[in-house]
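*Asks:* One structure, pasted below without further comment.
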Amino acid sequence: AAAGAKRVDIIAHSMGNWVTMEALRQLAITNDRDLDGKLGDVVLASPDIDVDVFKAQMRRYGKPDKPFILFLSGDDHALQISRLIAGNRPRLGGYEDAADIANYGVVAIDLTKVDAGDRLNHAKFADNPTLVTLLGEKLRQDSSLGADDRDVTDRIGKLTGGIGQTLTSAADIVITTPFEVLNVVVGGN
């Protein structure tokens, strides 16, 4: 408020997601879950959060007015290690049941088949310059996703469809929205 921000977008990675989700949960408790209408997009990238903890945080927060965006990958080795350390508790960023998470008002974008720049596959969303550019463009737009289910899936489809224009290898990106599952096949040049 002091800075005069008109909109606040949040992008969190790995363990930063826990802090982000806890802050959002606390905002909901104070009845200001959307920062007085200024909360823009919430992007959760490779979240190292226990799935059950995330569900509890989301139950307290409630379904977001605009779906949160979750980047996950089943081959994220850092999250596999974290899962073992946590007593084999599944991590949100490697969770295999995207439809379950979508029920909480989250658009899950599964990047499992997308090549990564690091051996751990933990920063896929940031390792791909095209994805970073597309995400930046989305955040610059007026990002009200609208109340129409088709509008949400169309906009997410456009976001991921552009990835295929410059990827060097073919990939399947599975997008699970609160409304439907889209399988976007993108091919490289």
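Residues are referred to by chain and number: the chain letter is A, B, ... according to the order shown in the structure tokens, the number counts from 1 in that chain, and ligands are numbered separately from 1 in the order shown.
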Extract, using only C-alpha atoms, all DNA, RNA and protein residues at most 9 Å from range 24-35 of chain A, discarding same-chain residues fewer than 5 positions from it, and format them as a CSV table (one decimal) with N, CA, C and O atoms, in the first residue's frame.
*Replies:*
chain,number,residue,atom,x,y,z
A,7,ARG,N,-1.1,-3.8,-8.3
A,7,ARG,CA,-1.3,-5.2,-8.5
A,7,ARG,C,-0.1,-5.9,-7.9
A,7,ARG,O,1.1,-5.4,-8.1
A,8,VAL,N,-0.3,-7.0,-7.3
A,8,VAL,CA,0.8,-7.8,-6.8
A,8,VAL,C,0.7,-9.2,-7.4
A,8,VAL,O,-0.2,-10.0,-7.1
A,19,VAL,N,6.3,-20.6,2.3
A,19,VAL,CA,6.2,-19.3,2.8
A,19,VAL,C,5.1,-18.5,2.1
A,19,VAL,O,4.2,-17.9,2.8
A,40,GLY,N,-2.7,-10.4,-8.0
A,40,GLY,CA,-2.8,-10.8,-9.4
A,40,GLY,C,-2.6,-12.3,-9.5
A,40,GLY,O,-3.3,-13.0,-8.9
A,57,GLN,N,-3.8,-25.6,3.7
A,57,GLN,CA,-3.7,-24.2,3.5
A,57,GLN,C,-4.8,-23.7,2.5
A,57,GLN,O,-5.3,-22.6,2.7
A,58,MET,N,-5.0,-24.5,1.4
A,58,MET,CA,-6.0,-24.1,0.4
A,58,MET,C,-7.4,-24.1,1.0
A,58,MET,O,-8.3,-23.3,0.7
A,59,ARG,N,-7.7,-25.1,1.9
A,59,ARG,CA,-9.0,-25.1,2.5
A,59,ARG,C,-9.2,-23.9,3.3
A,59,ARG,O,-10.3,-23.3,3.3
A,60,ARG,N,-8.2,-23.4,4.0
A,60,ARG,CA,-8.3,-22.2,4.8
A,60,ARG,C,-8.4,-20.9,3.9
A,60,ARG,O,-9.2,-20.0,4.2
A,61,TYR,N,-7.6,-20.9,2.8
A,61,TYR,CA,-7.6,-19.8,1.9
A,61,TYR,C,-9.0,-19.8,1.1
A,61,TYR,O,-9.5,-18.7,0.9
A,62,GLY,N,-9.4,-20.9,0.7
A,62,GLY,CA,-10.6,-21.0,-0.1
A,62,GLY,C,-10.3,-21.0,-1.6
A,62,GLY,O,-9.1,-20.7,-1.9
A,64,PRO,N,-9.4,-19.8,-5.0
A,64,PRO,CA,-9.1,-18.4,-5.4
A,64,PRO,C,-10.0,-17.9,-6.5
A,64,PRO,O,-10.6,-18.7,-7.2
A,65,ASP,N,-10.2,-16.6,-6.5
A,65,ASP,CA,-11.0,-16.0,-7.5
A,65,ASP,C,-10.4,-16.2,-8.9
A,65,ASP,O,-11.2,-16.4,-9.9
*Asks:* Give me, as a list in words, all polymer residues having an atom no more than 10 Å from Arg119 in chain A, counting only C-alpha atoms and skipping those fewer than 6 positions away in the same chain.
*Replies:*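 Residues meeting the cut-off are Asp76, His77 and Ala78 of chain A.
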*Asks:* Using only N, CA and C atoms, please write the residues we just selected to a file, as a compact mmCIF listing (two decimals), in the first residue's frame.
*Replies:*
# COMPACT_ATOMS: atom_id res chain seq x y z
N ASP A 76 11.24 -34.49 -11.06
CA ASP A 76 11.98 -33.50 -10.28
C ASP A 76 12.74 -34.24 -9.18
N HIS A 77 14.04 -34.43 -9.40
CA HIS A 77 14.86 -35.22 -8.47
C HIS A 77 15.05 -34.54 -7.12
N ALA A 78 15.08 -33.22 -7.10
CA ALA A 78 15.21 -32.51 -5.82
C ALA A 78 13.98 -32.78 -4.95
*Asks:* Skip Val107 in chain A itself and residues of its chain fewer than 4 positions away, then list as a list of chain:residue names all residues within 7 Å of it, counting only C-alpha atoms.
*Replies:*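 Everything that qualifies: A:Pro67, A:Phe68, A:Ile69, A:Leu70, A:Ala102, A:Ile175, A:Thr176, A:Thr177, A:Pro178.
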*Asks:* Measuring between only C-alpha atoms, which one of A:Ile81, A:Ala12, A:Ala86, A:Leu92 shows the shortest distance to Ile49 in chain A?
*Replies:*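 Closest candidate: A:Leu92.
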*Asks:* Hey, which of A:Met21, A:Leu39, A:Val53, A:Leu120 ends up closest to Ala1 in chain A? Count only C-alpha atoms.
*Replies:* A:Leu39
*Asks:* Looking only at alpha helix (DSSP H) from DSSP on the backbone, list the matching residues of range 93-122 of chain A as a PDB file with N, CA, C and O atoms, in the first residue's frame.
*Replies:*
ATOM      1  N   ALA A  98      -2.945 -34.478 -10.531  1.00  0.00           N
ATOM      2  CA  ALA A  98      -3.196 -33.067 -10.834  1.00  0.00           C
ATOM      3  C   ALA A  98      -4.673 -32.718 -10.715  1.00  0.00           C
ATOM      4  O   ALA A  98      -5.022 -31.607 -10.316  1.00  0.00           O
ATOM      5  N   ALA A  99      -5.562 -33.659 -11.047  1.00  0.00           N
ATOM      6  CA  ALA A  99      -6.998 -33.392 -10.957  1.00  0.00           C
ATOM      7  C   ALA A  99      -7.410 -33.118  -9.511  1.00  0.00           C
ATOM      8  O   ALA A  99      -8.248 -32.256  -9.241  1.00  0.00           O
ATOM      9  N   ASP A 100      -6.803 -33.828  -8.569  1.00  0.00           N
ATOM     10  CA  ASP A 100      -7.077 -33.612  -7.153  1.00  0.00           C
ATOM     11  C   ASP A 100      -6.709 -32.182  -6.760  1.00  0.00           C
ATOM     12  O   ASP A 100      -7.473 -31.486  -6.091  1.00  0.00           O
ATOM     13  N   ILE A 101      -5.545 -31.737  -7.193  1.00  0.00           N
ATOM     14  CA  ILE A 101      -5.089 -30.377  -6.872  1.00  0.00           C
ATOM     15  C   ILE A 101      -5.949 -29.338  -7.582  1.00  0.00           C
ATOM     16  O   ILE A 101      -6.266 -28.288  -7.021  1.00  0.00           O
ATOM     17  N   ALA A 102      -6.346 -29.612  -8.812  1.00  0.00           N
ATOM     18  CA  ALA A 102      -7.178 -28.669  -9.573  1.00  0.00           C
ATOM     19  C   ALA A 102      -8.479 -28.377  -8.849  1.00  0.00           C
ATOM     20  O   ALA A 102      -9.022 -27.265  -8.953  1.00  0.00           O
TER      21      ALA A 102
END
*Asks:* Calculated over only C-alpha atoms, which of the candidates A:Asn17, A:Ser82, A:Ser46, A:Thr112 has the smallest distance to Ala126 in chain A?
*Replies:* A:Ser46
*Asks:* Pull the strand (DSSP E) assignments for range 57-88 of chain A out of DSSP run on the backbone, and list those residues as a VMD selection string.
*Replies:* chain A and resid 68 to 72
*Asks:* Export N, CA and C atoms of the chosen residues as a PDB file, in the first residue's frame?
*Replies:*
ATOM      1  N   PHE A  68      -4.748 -20.346  -9.169  1.00  0.00           N
ATOM      2  CA  PHE A  68      -3.303 -20.320  -9.029  1.00  0.00           C
ATOM      3  C   PHE A  68      -2.722 -21.180 -10.144  1.00  0.00           C
ATOM      4  N   ILE A  69      -1.500 -20.879 -10.558  1.00  0.00           N
ATOM      5  CA  ILE A  69      -0.816 -21.647 -11.598  1.00  0.00           C
ATOM      6  C   ILE A  69       0.284 -22.455 -10.924  1.00  0.00           C
ATOM      7  N   LEU A  70       0.262 -23.766 -11.150  1.00  0.00           N
ATOM      8  CA  LEU A  70       1.224 -24.677 -10.539  1.00  0.00           C
ATOM      9  C   LEU A  70       2.039 -25.352 -11.630  1.00  0.00           C
ATOM     10  N   PHE A  71       3.370 -25.177 -11.592  1.00  0.00           N
ATOM     11  CA  PHE A  71       4.278 -25.903 -12.479  1.00  0.00           C
ATOM     12  C   PHE A  71       4.815 -27.096 -11.701  1.00  0.00           C
ATOM     13  N   LEU A  72       4.568 -28.304 -12.214  1.00  0.00           N
ATOM     14  CA  LEU A  72       5.047 -29.500 -11.543  1.00  0.00           C
ATOM     15  C   LEU A  72       5.754 -30.408 -12.538  1.00  0.00           C
TER      16      LEU A  72
END
